[in-house]
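> Below you'll find the structure I mean.
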Amino acid sequence: MSKVRLVLGVAVACGLIGESGLGLPVPRTGPPPAGLYGWDWQIGAQTAALVSLPAGIRLIDLDGFETSAATVAELKGQGLYLVCYLNAGSYEPYRPDATRYPARLKLGVDPDWTDEAFVDVRDVFRPDSVLADILRRRLAMCRDKGFAAVEPDNLQNDENVPGGVISPQQQIDFNGWLADEAHALGLAIFQKNGPDKVLLRDRTGQRLVDKFDGILNESCQEFDECAPLAEYVRRGKPALNVEYKQKFLNCAEARRLGINSMFRDLYLRGGVRRTTGGWPAEPPVSERRAALAVLLLA
């Protein structure tokens, strides 16, 4: 097995190393570490050789299907907290369980990723739900590979699917259901995006911020919606944010709110360093998950 590489380099994230408690043990199971610290998001790494560890990170988020149990074990052995990326709200044709999605679950093409389709999340509450079985198997895969937590993508199909097919409350109920399923398997779980949903209550009467163990958000600084993420911080849970345009990365604001924010390229390409010449040309959509960008902390 290829050893995971440790990489040092230029700053592309808010400088949190001085506050990260380097050298201290990080919990390998249970809730994710709270506070300000370095982390990385490498959901495009398809092999252990493509995973590059920035200096001093405490948490890393990797694709659940593409990451082997051996890689998880090696990274856990280095003291990292491992998060498993899964797509909960979309159909992806390249996944090994893609044939299990019936046509009735697919509610429309994702305009950003045209090979994918948003799914009918209401299905999990129906008798003999196909989607519930698929997602339970995916969560179990994350657990069995040794991940400590899960990051489920596309938890906003009430907004993604046009025509009001899925109501906001139905979406919130699905999100809460997913959190309950993860916890039942002993996994922690991050809310993915949806800062406007943080304080809303699911069918059990609980707010999402109390149900999830942290939040991973995209572009909250660009869209001026970071304040709700601090609700997680106030509860002693981590808030992670990624900006895809470096001009919007505001480290002062991130520190003030207690958010771990960093800049990444949109396509998360593999083996590519940030250089003075800028990012290489964007890859075609079909290759966007073939590799990922290496995050380099100060």
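Residues in the structure tokens are named by chain (A, B, ... in the order shown) and by number from 1 within that chain; ligands are numbered from 1 in the order shown.
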Excluding same-chain residues fewer than 6 positions from Gly194 (chain A), what lies within 8 Å of it counting only C-alpha atoms, as a ChimeraX atom specification?

/A:155-156,217

> For Phe212 (chain A), find every residue with an atom within 7 Å (counting only C-alpha atoms), except residues of its own chain fewer than 2 positions away, and show them as number ranges by chain.

A: 179, 189-191, 208-210, 214

> Set the distance at 8 Å and use only C-alpha atoms: which residues neighbour Ser261 (chain A) once local chain neighbours fewer than 6 positions away are removed? I'd like the list as a ChimeraX atom specification.

/A:13-14,240-243,249,251,254

> Can you pull out every residue within 6 Å of region 56-60 of chain A, counting only C-alpha atoms, but drop anything in the same chain fewer than 2 positions away, and send it as number ranges by chain?

A: 38-41, 80-82

> Between A:Lys197, A:His183, A:Arg122, A:Arg203, which one has atoms that come closest to Val165 (chain A), using only C-alpha atoms?

A:Arg122

> What residues in region 27-240 of chain A get the DSSP label alpha helix (DSSP H)? Please answer as a PyMOL selection string.

chain A and resi 69-77+130-145+157-160+168-184+208-211+230-234

> Please return as a PyMOL selection string: the residues of region 25-252 of chain A that backbone DSSP assigns to strand (DSSP E or B).

chain A and resi 38-42+52-54+57-63+81-87+90-91+106-109+117-119+149-153+188-192+201+207+214-218+239-243

> What's around region 168-173 of chain A at 12 Å? Count only C-alpha atoms, leave out sequence neighbours fewer than 4 positions away in its own chain, and write the answer as an MDAnalysis selection string.

chainID A and resid 88:89 119:125 154:161 164 177:180 191 194 196:209 211:212

> Using only C-alpha atoms for the distances, tell me which of A:Gln246, A:Ser167, A:Ser68, A:Thr29 is nearest to Val150 (chain A).

A:Thr29

> So, with only C-alpha atoms as the atoms that count, which of A:Leu62, A:Val83, A:Leu266, A:Met141 lies closest to Asp97 (chain A)?

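Among the listed residues, A:Met141 lies closest to Asp97 (chain A).
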
> Smallest atom-to-atom distance to Gly108 (chain A): which of A:Pro93, A:Pro127, A:Pro54, A:Pro162, using only C-alpha atoms?

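Selected residue with least distance to Gly108 (chain A): A:Pro162.
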
> For Gly236 (chain A), which residue among A:Glu181, A:Asp213, A:Asp63, A:Asp112 is the nearest when counting only C-alpha atoms?

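Closest residue, counting only C-alpha atoms: A:Asp213.
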
> Give me, please, the distance in Å between CA of Pro238 (chain A) and CA of Arg137 (chain A), quoted to one decimal.

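Distance between the two atoms: 26.2 Å.
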
> Can you pull out the residues contacting Gly30 (chain A)? Cut-off 8 Å, using only C-alpha atoms, and skip same-chain residues under 3 positions away; I want them as a list in words.

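The residues that qualify are Pro27, Ala148, Ala149, Gly186, Leu187 and Ala188 of chain A.
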
> Only C-alpha atoms, please: the residues just picked out, written as a PDB file, in the first residue's frame.


ATOM      1  CA  PRO A  27     -10.119  11.496  19.177  1.00  0.00           C
ATOM      2  CA  ALA A 148     -15.602   8.121  12.728  1.00  0.00           C
ATOM      3  CA  ALA A 149     -18.108  10.430  11.027  1.00  0.00           C
ATOM      4  CA  GLY A 186     -22.141   4.827  16.108  1.00  0.00           C
ATOM      5  CA  LEU A 187     -21.133   7.458  13.525  1.00  0.00           C
ATOM      6  CA  ALA A 188     -20.969  11.181  14.065  1.00  0.00           C
TER       7      ALA A 188
END

> Taking 6 positions as the minimum chain separation for residues in the same chain, which residues sit within 9 Å of region 98-104 of chain A when counting only C-alpha atoms? Answer as a ChimeraX atom specification.

/A:91-92,119-120,130-131,134

> Go ahead and dump the residues you just picked, all heavy atoms, as a tab-separated table (two decimals), in the first residue's frame.


chain	number	residue	atom	x	y	z
A	91	TYR	N	-28.33	10.98	-7.11
A	91	TYR	CA	-27.94	9.74	-7.80
A	91	TYR	C	-26.68	10.01	-8.60
A	91	TYR	O	-26.61	10.99	-9.34
A	91	TYR	CB	-29.08	9.30	-8.73
A	91	TYR	CG	-28.64	8.38	-9.85
A	91	TYR	CD1	-28.43	7.03	-9.62
A	91	TYR	CD2	-28.45	8.87	-11.14
A	91	TYR	CE1	-28.03	6.18	-10.65
A	91	TYR	CE2	-28.05	8.03	-12.18
A	91	TYR	CZ	-27.84	6.70	-11.92
A	91	TYR	OH	-27.45	5.87	-12.93
A	92	GLU	N	-25.68	9.15	-8.44
A	92	GLU	CA	-24.41	9.26	-9.17
A	92	GLU	C	-24.22	7.98	-9.98
A	92	GLU	O	-24.08	6.90	-9.40
A	92	GLU	CB	-23.25	9.45	-8.19
A	92	GLU	CG	-23.38	10.68	-7.31
A	92	GLU	CD	-22.42	10.65	-6.14
A	92	GLU	OE1	-22.43	9.63	-5.40
A	92	GLU	OE2	-21.66	11.61	-5.95
A	119	VAL	N	-32.51	13.21	-5.90
A	119	VAL	CA	-33.42	12.11	-5.60
A	119	VAL	C	-34.55	12.57	-4.68
A	119	VAL	O	-34.47	13.60	-4.01
A	119	VAL	CB	-32.66	10.93	-4.95
A	119	VAL	CG1	-31.59	10.39	-5.88
A	119	VAL	CG2	-32.07	11.32	-3.60
A	120	ASP	N	-35.60	11.77	-4.67
A	120	ASP	CA	-36.79	12.06	-3.86
A	120	ASP	C	-36.54	11.60	-2.43
A	120	ASP	O	-36.73	10.43	-2.09
A	120	ASP	CB	-38.00	11.33	-4.46
A	120	ASP	CG	-39.30	11.73	-3.78
A	120	ASP	OD1	-39.26	12.44	-2.76
A	120	ASP	OD2	-40.36	11.31	-4.29
A	130	VAL	N	-36.70	2.07	-0.84
A	130	VAL	CA	-35.47	1.73	-1.54
A	130	VAL	C	-34.34	2.67	-1.11
A	130	VAL	O	-33.21	2.23	-0.84
A	130	VAL	CB	-35.67	1.80	-3.07
A	130	VAL	CG1	-34.34	1.59	-3.80
A	130	VAL	CG2	-36.70	0.79	-3.52
A	131	LEU	N	-34.64	3.97	-1.04
A	131	LEU	CA	-33.61	4.94	-0.69
A	131	LEU	C	-33.10	4.72	0.73
A	131	LEU	O	-31.89	4.83	0.98
A	131	LEU	CB	-34.15	6.36	-0.85
A	131	LEU	CG	-33.15	7.48	-0.58
A	131	LEU	CD1	-31.96	7.39	-1.53
A	131	LEU	CD2	-33.82	8.85	-0.69
A	134	ILE	N	-30.63	1.90	0.63
A	134	ILE	CA	-29.38	2.31	-0.01
A	134	ILE	C	-28.52	3.11	0.97
A	134	ILE	O	-27.32	2.86	1.13
A	134	ILE	CB	-29.66	3.14	-1.27
A	134	ILE	CG1	-30.26	2.27	-2.38
A	134	ILE	CG2	-28.38	3.82	-1.77
A	134	ILE	CD1	-30.76	3.04	-3.58
